[in-house]
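Colleague: I have a structure here, written as C-alpha coordinates, and I will follow up with some questions on it.
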Amino acid sequence: QVHLVESGGGLVEAGGSLRLSCAASGRMFSIYAMGWFRQAYGKEREVVAAISGSGVNTYYADSVKARFTISRDNAKNTVFLQMNSLKPEDTADYYCAARWDFSDLYYAQRYEYDYWGQGTQVTVSS
(Lines give C-alpha, C1' and ligand atoms only; values in the text may rest on other atoms or scores of the structure.)
Protein backbone atom coordinates (compact mmCIF):
# COMPACT_ATOMS: atom_id res chain seq x y z
CA GLN A 1 0.00 0.00 0.00
CA VAL A 2 1.15 3.56 -0.67
CA HIS A 3 0.18 6.87 0.90
CA LEU A 4 0.25 9.93 -1.36
CA VAL A 5 0.57 13.57 -0.34
CA GLU A 6 0.33 16.40 -2.86
CA SER A 7 1.78 19.87 -2.43
CA GLY A 8 2.60 22.95 -4.46
CA GLY A 9 -0.83 24.25 -5.31
CA GLY A 10 -1.81 27.88 -4.94
CA LEU A 11 -3.02 31.03 -6.64
CA VAL A 12 -1.26 32.18 -9.78
CA GLU A 13 -2.00 34.65 -12.56
CA ALA A 14 -2.73 33.47 -16.07
CA GLY A 15 0.51 32.78 -17.90
CA GLY A 16 2.30 31.83 -14.72
CA SER A 17 3.76 28.55 -13.55
CA LEU A 18 3.40 26.13 -10.66
CA ARG A 19 5.13 22.90 -9.78
CA LEU A 20 3.12 20.26 -8.02
CA SER A 21 4.76 17.47 -6.06
CA CYS A 22 3.37 14.16 -4.88
CA ALA A 23 5.33 12.35 -2.19
CA ALA A 24 4.71 8.65 -1.78
CA SER A 25 5.31 6.51 1.27
CA GLY A 26 6.25 2.89 1.14
CA ARG A 27 8.79 0.86 -0.72
CA MET A 28 9.53 0.08 -4.34
CA PHE A 29 8.16 3.33 -5.70
CA SER A 30 9.53 2.51 -9.15
CA ILE A 31 6.93 -0.22 -9.69
CA TYR A 32 4.07 2.23 -9.30
CA ALA A 33 2.65 3.89 -12.37
CA MET A 34 1.60 7.42 -11.41
CA GLY A 35 -0.93 9.88 -12.70
CA TRP A 36 -2.10 13.42 -12.15
CA PHE A 37 -5.81 14.14 -12.35
CA ARG A 38 -7.83 17.27 -11.78
CA GLN A 39 -11.38 18.08 -10.88
CA ALA A 40 -12.90 21.47 -11.48
CA TYR A 41 -15.99 22.58 -9.60
CA GLY A 42 -19.04 20.80 -10.95
CA LYS A 43 -17.06 18.66 -13.37
CA GLU A 44 -15.83 15.10 -13.52
CA ARG A 45 -12.30 14.21 -12.47
CA GLU A 46 -10.11 14.03 -15.57
CA VAL A 47 -6.63 12.84 -16.34
CA VAL A 48 -3.95 15.47 -16.83
CA ALA A 49 -0.81 13.39 -17.25
CA ALA A 50 0.53 9.94 -16.47
CA ILE A 51 3.94 8.33 -16.20
CA SER A 52 5.29 4.81 -16.09
CA GLY A 53 7.37 3.43 -13.25
CA SER A 54 10.70 4.10 -14.93
CA GLY A 55 9.60 7.54 -16.11
CA VAL A 56 10.29 6.68 -19.75
CA ASN A 57 6.67 6.52 -20.88
CA THR A 58 4.40 9.50 -20.44
CA TYR A 59 0.92 10.62 -21.44
CA TYR A 60 -0.68 14.06 -21.57
CA ALA A 61 -4.24 15.19 -22.06
CA ASP A 62 -4.60 17.29 -25.20
CA SER A 63 -5.56 20.30 -23.12
CA VAL A 64 -2.17 20.43 -21.38
CA LYS A 65 0.25 19.19 -24.04
CA ALA A 66 3.26 21.45 -24.51
CA ARG A 67 2.40 23.31 -21.28
CA PHE A 68 2.65 20.64 -18.55
CA THR A 69 5.44 18.16 -17.87
CA ILE A 70 5.19 15.10 -15.66
CA SER A 71 8.35 13.62 -14.18
CA ARG A 72 9.43 11.49 -11.26
CA ASP A 73 12.38 10.97 -8.96
CA ASN A 74 12.27 7.36 -7.85
CA ALA A 75 15.12 7.86 -5.39
CA LYS A 76 12.95 10.40 -3.57
CA ASN A 77 9.59 8.65 -4.04
CA THR A 78 8.19 11.75 -5.68
CA VAL A 79 6.32 12.60 -8.86
CA PHE A 80 6.09 16.14 -10.19
CA LEU A 81 3.82 18.13 -12.46
CA GLN A 82 5.41 21.25 -13.89
CA MET A 83 2.66 23.53 -15.14
CA ASN A 84 3.57 26.43 -17.39
CA SER A 85 1.49 28.98 -19.31
CA LEU A 86 -1.38 28.40 -16.93
CA LYS A 87 -4.87 29.35 -18.00
CA PRO A 88 -7.98 30.11 -15.94
CA GLU A 89 -9.47 26.84 -17.21
CA ASP A 90 -6.66 24.97 -15.42
CA THR A 91 -8.28 25.97 -12.13
CA ALA A 92 -9.13 22.77 -10.25
CA ASP A 93 -8.20 20.46 -7.43
CA TYR A 94 -5.26 18.35 -8.56
CA TYR A 95 -4.81 14.79 -7.38
CA CYS A 96 -2.03 12.28 -7.81
CA ALA A 97 -2.77 8.60 -8.11
CA ALA A 98 -0.80 5.36 -8.10
CA ARG A 99 -1.16 1.74 -9.11
CA TRP A 100 1.14 -1.25 -9.20
CA ASP A 101 2.60 -1.98 -12.60
CA PHE A 102 5.34 -4.37 -13.67
CA SER A 103 5.14 -3.56 -17.37
CA ASP A 104 6.40 0.03 -17.34
CA LEU A 105 3.14 1.33 -18.74
CA TYR A 106 1.17 4.49 -18.03
CA TYR A 107 -2.54 4.58 -17.30
CA ALA A 108 -4.90 7.35 -18.30
CA GLN A 109 -8.20 6.22 -16.82
CA ARG A 110 -9.39 7.09 -13.36
CA TYR A 111 -10.64 3.56 -12.64
CA GLU A 112 -7.21 2.10 -13.29
CA TYR A 113 -5.71 3.63 -10.16
CA ASP A 114 -5.87 2.17 -6.67
CA TYR A 115 -4.39 4.89 -4.48
CA TRP A 116 -5.18 8.60 -4.35
CA GLY A 117 -3.86 11.63 -2.55
CA GLN A 118 -6.03 14.23 -0.84
CA GLY A 119 -5.53 16.83 -3.56
CA THR A 120 -4.06 20.30 -3.82
CA GLN A 121 -5.92 23.34 -5.10
CA VAL A 122 -4.76 25.33 -8.09
CA THR A 123 -6.42 28.63 -8.91
CA VAL A 124 -5.47 30.60 -12.01
CA SER A 125 -6.72 34.17 -12.13
CA SER A 126 -7.38 35.98 -15.39
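Labels used: A, B, ... for chains in the order of the C-alpha coordinates, numbers from 1 for residues in each chain, and numbers from 1 for ligands as shown.
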Output as number ranges by chain all residues of range 39-114 of chain A that backbone DSSP marks as strand (DSSP E or B).
Modeller: A: 39, 46-51, 58-60, 68-73, 78-83, 92-100
Colleague: For Asp73 in chain A, please output as a VMD selection string all residues within 10 Å (counting only C-alpha atoms; exclusion window: fewer than 5 positions along the same chain).
Modeller: chain A and resid 23 29 to 30 54 to 55 78 to 80
Colleague: Which is closer to Val47 in chain A than all the others in A:Met34, A:Ala92, A:Ala14, A:Ala61, using only C-alpha atoms?
Modeller: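 That would be A:Ala61, the residue with the smallest distance to Val47 in chain A.
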Colleague: I'd like to know which of A:Tyr106, A:Tyr32, A:Phe37, A:Phe68 is closest to Gln1 in chain A, using only C-alpha atoms.
Modeller: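 Looking at the shortest contact to Gln1 in chain A, the residue is A:Tyr32.
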Colleague: Under the rule that only C-alpha atoms are counted, which of A:Ser71, A:Ser63, A:Ser25, A:Thr91 is the nearest residue to Gly10 in chain A?
Modeller: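 Between A:Ser71, A:Ser63, A:Ser25, A:Thr91, the residue approaching Gly10 in chain A most closely is A:Thr91.
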